[in-house]
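Peer 1: This is the structure I want to talk about, given as structure tokens.
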2 protein chains.
Amino acid sequence: MDQLTIFKALSNKTRLQILEWLKEPEKYFSAEENADFEQIGVCVGQIQQKCGLTQSTVSEYLALLLHAGLLESTRIGQWTYYKRNEEAFQQLSDFIKSAL
Amino acid sequence: MDQLTIFKALSNKTRLQILEWLKEPEKYFSAEENADFEQIGVCVGQIQQKCGLTQSTVSEYLALLLHAGLLESTRIGQWTYYKRNEEAFQQLSDFIKSAL
DNA sequence: TAGGAATATCGGGAAAAACCGATATATATT
DNA sequence: AATATATATCGGTTTTTCCCGATATTCCTA
């Protein structure tokens, strides 16, 4: 867990927003064919639509959050699904409480 | 508490380092005349020396951490002392655990 | 195997952040 | 008042981040 990488990943309004949406996917995204939000997450296209940014930007943002360890991804067919890595948030919380 | 402001303040190696030092001032700073670390904190000059950056940069960094609510400051004579606002760290930890 | 759909990557222009040196301000001392 | 010390602020250069359009890659289907 690299704190600096994590804090940089969290230093953007859109990326914070994405994390909020992914906390309650069923609330913010419409259920689709394949979409089992709890298990596999939400695909890039659905997230992009809500962001209002271009596909390439959103793809990069998701890769960045993934690299920071805050998200997990699963590729199924031509879709990549992203969901939160709740353990990372727990660890971050604990780190701030005791070590930061 | 503005999360984005806080995360931006934490997105810098030197500023994270300063926060670590201020967690245990007696460990990292030499006691001076006026310095009651627990009560009033550490003055800018002492922090600057450990950073190895210029006075103006360190002063700006401290102002930034102050503005984010992570530090408190006290002016005594010609010195400004900075110390951690532990409540802010607690709140941030709680926020990440439950809301982020 | 050709074409389409979803996502990733690349190159770049604009905006923000990281620093710096110079200078301003505030306080203390003589 | 003049000088010295500690800190804050200002203006500017370099580096990083933001975000885009274009293109590449991967996988699916006809």
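Going through the structure tokens in order, the chains are called A, B, and so on, while each chain numbers its residues from 1 and the ligands are numbered from 1 in the order shown.
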Tell me, as a list in words, which residues lie within 7 Å of segment 17-27 of chain D, counting only C-alpha atoms (C1' of nucleotides); anything in the same chain fewer than 2 positions away does not count.

Peer 2: Thr57, Gly77 and Gln78 of chain A

Peer 1: Could you dump the residues just selected with C-alpha atoms as a JSON list (two decimals), in the first residue's frame?

Peer 2:
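Full text of out-v1.json as output:
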```json
[["chain", "number", "residue", "atom", "x", "y", "z"],
["A", 57, "THR", "CA", -10.16, 9.74, -19.71],
["A", 77, "GLY", "CA", -15.74, -10.83, -23.01],
["A", 78, "GLN", "CA", -15.27, -7.35, -24.33]]
```

Peer 1: Skip DT1 of chain C itself and residues of its chain fewer than 2 positions away, then list as a VMD selection string all residues within 12 Å of it, counting only C-alpha atoms (C1' of nucleotides).

Peer 2: (chain C and resid 3) or (chain D and resid 29 to 30)

Peer 1: Put those residues in a file: C-alpha atoms (C1' of nucleotides), as a PDB file, in the first residue's frame.

Peer 2:
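File written: out00.pdb
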```pdb
ATOM      1  C1'  DG C   3     -16.450  -5.881 -39.286  1.00  0.00           C
TER       2       DG C   3
ATOM      3  C1'  DT D  29     -20.291 -12.337 -34.306  1.00  0.00           C
ATOM      4  C1'  DA D  30     -21.712 -12.765 -39.096  1.00  0.00           C
TER       5       DA D  30
END
```

Peer 1: Go through B:Cys51, B:Leu10, B:Met1, B:Leu62 one by one, measure the shortest atom-to-atom distance of each to chain D using only C-alpha atoms (C1' of nucleotides), and give the residue with the smallest value.

Peer 2: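 Ranked by minimum distance to chain D, first place goes to B:Leu62.
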
Peer 1: For the structure I just gave you, how does DSSP split segment 21-91 of chain A - specifically, which residues are strand (DSSP E)? Reply as number ranges by chain.

Peer 2: A: 42-43, 71-76, 79-84

Peer 1: Residues of chain B within 6 Å of chain A, using only C-alpha atoms, as an mmCIF file with C-alpha atoms, in the first residue's frame?

Peer 2:
```
data_model
loop_
_atom_site.group_PDB
_atom_site.id
_atom_site.type_symbol
_atom_site.label_atom_id
_atom_site.label_comp_id
_atom_site.auth_asym_id
_atom_site.auth_seq_id
_atom_site.Cartn_x
_atom_site.Cartn_y
_atom_site.Cartn_z
ATOM 1 C CA LEU B 4 -10.844 16.862 -1.928
ATOM 2 C CA PHE B 7 -6.539 14.548 -0.206
ATOM 3 C CA LYS B 8 -4.749 17.165 -2.289
ATOM 4 C CA SER B 11 -0.656 14.223 -2.163
ATOM 5 C CA GLN B 90 -9.800 10.936 13.335
ATOM 6 C CA SER B 93 -10.321 8.004 9.159
ATOM 7 C CA ILE B 96 -13.043 6.770 4.788
ATOM 8 C CA LYS B 97 -14.324 3.856 6.807
#
```

Peer 1: Would you pick out the contacts of segment 18-20 of chain C at 12 Å or less, using only C-alpha atoms (C1' of nucleotides), so that residues sharing its chain but fewer than 3 positions from it are not included, and give the list as a compact mmCIF listing (two decimals) with C-alpha atoms (C1' of nucleotides), in the first residue's frame?

Peer 2:
```txt
# COMPACT_ATOMS: atom_id res chain seq x y z
CA SER B 11 -0.66 14.22 -2.16
CA ASN B 12 2.90 15.31 -1.59
CA LYS B 13 5.82 13.40 -0.17
CA THR B 14 7.23 16.29 1.84
CA ARG B 15 3.90 17.22 3.37
CA GLY B 52 15.71 20.66 2.94
CA LEU B 53 13.41 22.91 0.92
CA THR B 54 13.38 26.70 0.93
CA GLN B 55 11.67 28.71 3.62
CA SER B 56 9.00 29.99 1.26
CA THR B 57 8.06 26.52 0.06
CA VAL B 58 7.79 25.11 3.55
CA SER B 59 5.76 28.08 4.70
CA GLU B 60 3.35 27.49 1.82
CA TYR B 61 3.11 23.79 2.58
C1' DC D 10 4.51 37.36 -4.85
C1' DG D 11 6.18 36.40 -9.57
C1' DG D 12 8.09 33.11 -12.35
C1' DT D 13 10.06 28.54 -14.26
C1' DT D 14 9.70 23.64 -14.42
C1' DT D 15 7.16 19.50 -13.72
C1' DT D 16 2.93 17.11 -13.21
C1' DT D 17 -1.94 16.44 -13.83
```

Peer 1: Can you list, as a ChimeraX atom specification, every residue of segment 15-91 of chain A that DSSP puts in helix (DSSP H, G or I)?

Peer 2: /A:15-23,25-28,37-40,44-51,55-67,86-91

Peer 1: Which residues of chain D come within 9 Å of chain B, and for each one, what is the closest pair of atoms and their distance in Å to one decimal, counting only C-alpha atoms (C1' of nucleotides), sorted by chain and residue number, as a tab-separated table?

Peer 2:
```
residue	atom	partner	partner_atom	distance
D:DT5	C1'	B:Gln78	CA	7.7
D:DA6	C1'	B:Gln78	CA	5.3
D:DT7	C1'	B:Trp79	CA	7.2
D:DA8	C1'	B:Ser59	CA	7.2
D:DT9	C1'	B:Ser56	CA	8.6
```

Peer 1: Please, could you write that set of residues out with C-alpha atoms (C1' of nucleotides) as a PDB file, in the first residue's frame?

Peer 2:
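Once everything was written out, this is part-v8.pdb:
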```pdb
ATOM      1  C1'  DT D   5      15.040  37.637  12.898  1.00  0.00           C
ATOM      2  C1'  DA D   6      11.071  34.691  11.659  1.00  0.00           C
ATOM      3  C1'  DT D   7       7.474  34.060   8.635  1.00  0.00           C
ATOM      4  C1'  DA D   8       4.347  35.179   4.720  1.00  0.00           C
ATOM      5  C1'  DT D   9       3.479  36.488   0.126  1.00  0.00           C
TER       6       DT D   9
END
```

Peer 1: Residues within 10 Å of Ala31 of chain A, please, as a list in words. Count only C-alpha atoms (C1' of nucleotides); anything in the same chain fewer than 6 positions from it doesn't count.

Peer 2: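 Residues near the query, excluding close chain neighbours: Pro25, Phe37 and Val42 of chain A.
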
Peer 1: With C-alpha atoms kept, could you save the residues just selected as a JSON list (two decimals), in the first residue's frame?

Peer 2:
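Written file, result_21.json:
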```
[["chain", "number", "residue", "atom", "x", "y", "z"],
["A", 25, "PRO", "CA", -23.93, 0.43, -7.84],
["A", 37, "PHE", "CA", -22.89, -5.51, -9.50],
["A", 42, "VAL", "CA", -19.77, -2.08, -13.27]]
```

Peer 1: Tell me which protein, DNA and RNA residues are within 7 Å of Leu70 of chain A, counting only C-alpha atoms (C1' of nucleotides), leaving out same-chain ones fewer than 4 positions away, and put them as a ChimeraX atom specification.

Peer 2: /A:65-66,84-85,88-89

Peer 1: Keeping C-alpha atoms, export the residues of the selection given above as a PDB file, in the first residue's frame.

Peer 2:
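Below you can see part30.pdb, which holds the result:
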```pdb
ATOM      1  CA  LEU A  65      -7.629   3.754  -9.118  1.00  0.00           C
ATOM      2  CA  LEU A  66      -6.882   0.129  -9.909  1.00  0.00           C
ATOM      3  CA  ARG A  84     -14.294  -1.438  -5.098  1.00  0.00           C
ATOM      4  CA  ASN A  85     -11.637  -3.233  -3.106  1.00  0.00           C
ATOM      5  CA  ALA A  88      -8.073  -1.275   0.740  1.00  0.00           C
ATOM      6  CA  PHE A  89     -10.424   1.350   2.151  1.00  0.00           C
TER       7      PHE A  89
END
```

Peer 1: Using only C-alpha atoms (C1' of nucleotides), what table do you get, as a Markdown table, when you list each residue of chain C with an atom no more than 12 Å from chain B, its nearest pair of atoms, and their distance in Å rounded to one decimal, rows by chain then rising number?

Peer 2:
```
| residue | atom | partner | partner_atom | distance |
| --- | --- | --- | --- | --- |
| C:DA16 | C1' | B:Lys8 | CA | 11.5 |
| C:DA17 | C1' | B:Asn12 | CA | 9.9 |
| C:DA18 | C1' | B:Thr57 | CA | 8.7 |
| C:DC19 | C1' | B:Thr57 | CA | 6.5 |
| C:DC20 | C1' | B:Thr54 | CA | 7.4 |
| C:DG21 | C1' | B:Ser56 | CA | 9.2 |
| C:DA22 | C1' | B:Ser56 | CA | 10.6 |
| C:DT23 | C1' | B:Ser56 | CA | 11.4 |
| C:DT25 | C1' | B:Gln78 | CA | 11.0 |
| C:DA26 | C1' | B:Gln78 | CA | 7.0 |
| C:DT27 | C1' | B:Gln78 | CA | 5.1 |
| C:DA28 | C1' | B:Gln78 | CA | 7.7 |
```

Peer 1: How far is it from atom C1' of DT7 of chain C to atom CA of Ser73 of chain A, in Å with one decimal?

Peer 2: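 Going from atom C1' of DT7 of chain C over to atom CA of Ser73 of chain A, I get 12.3 Å.
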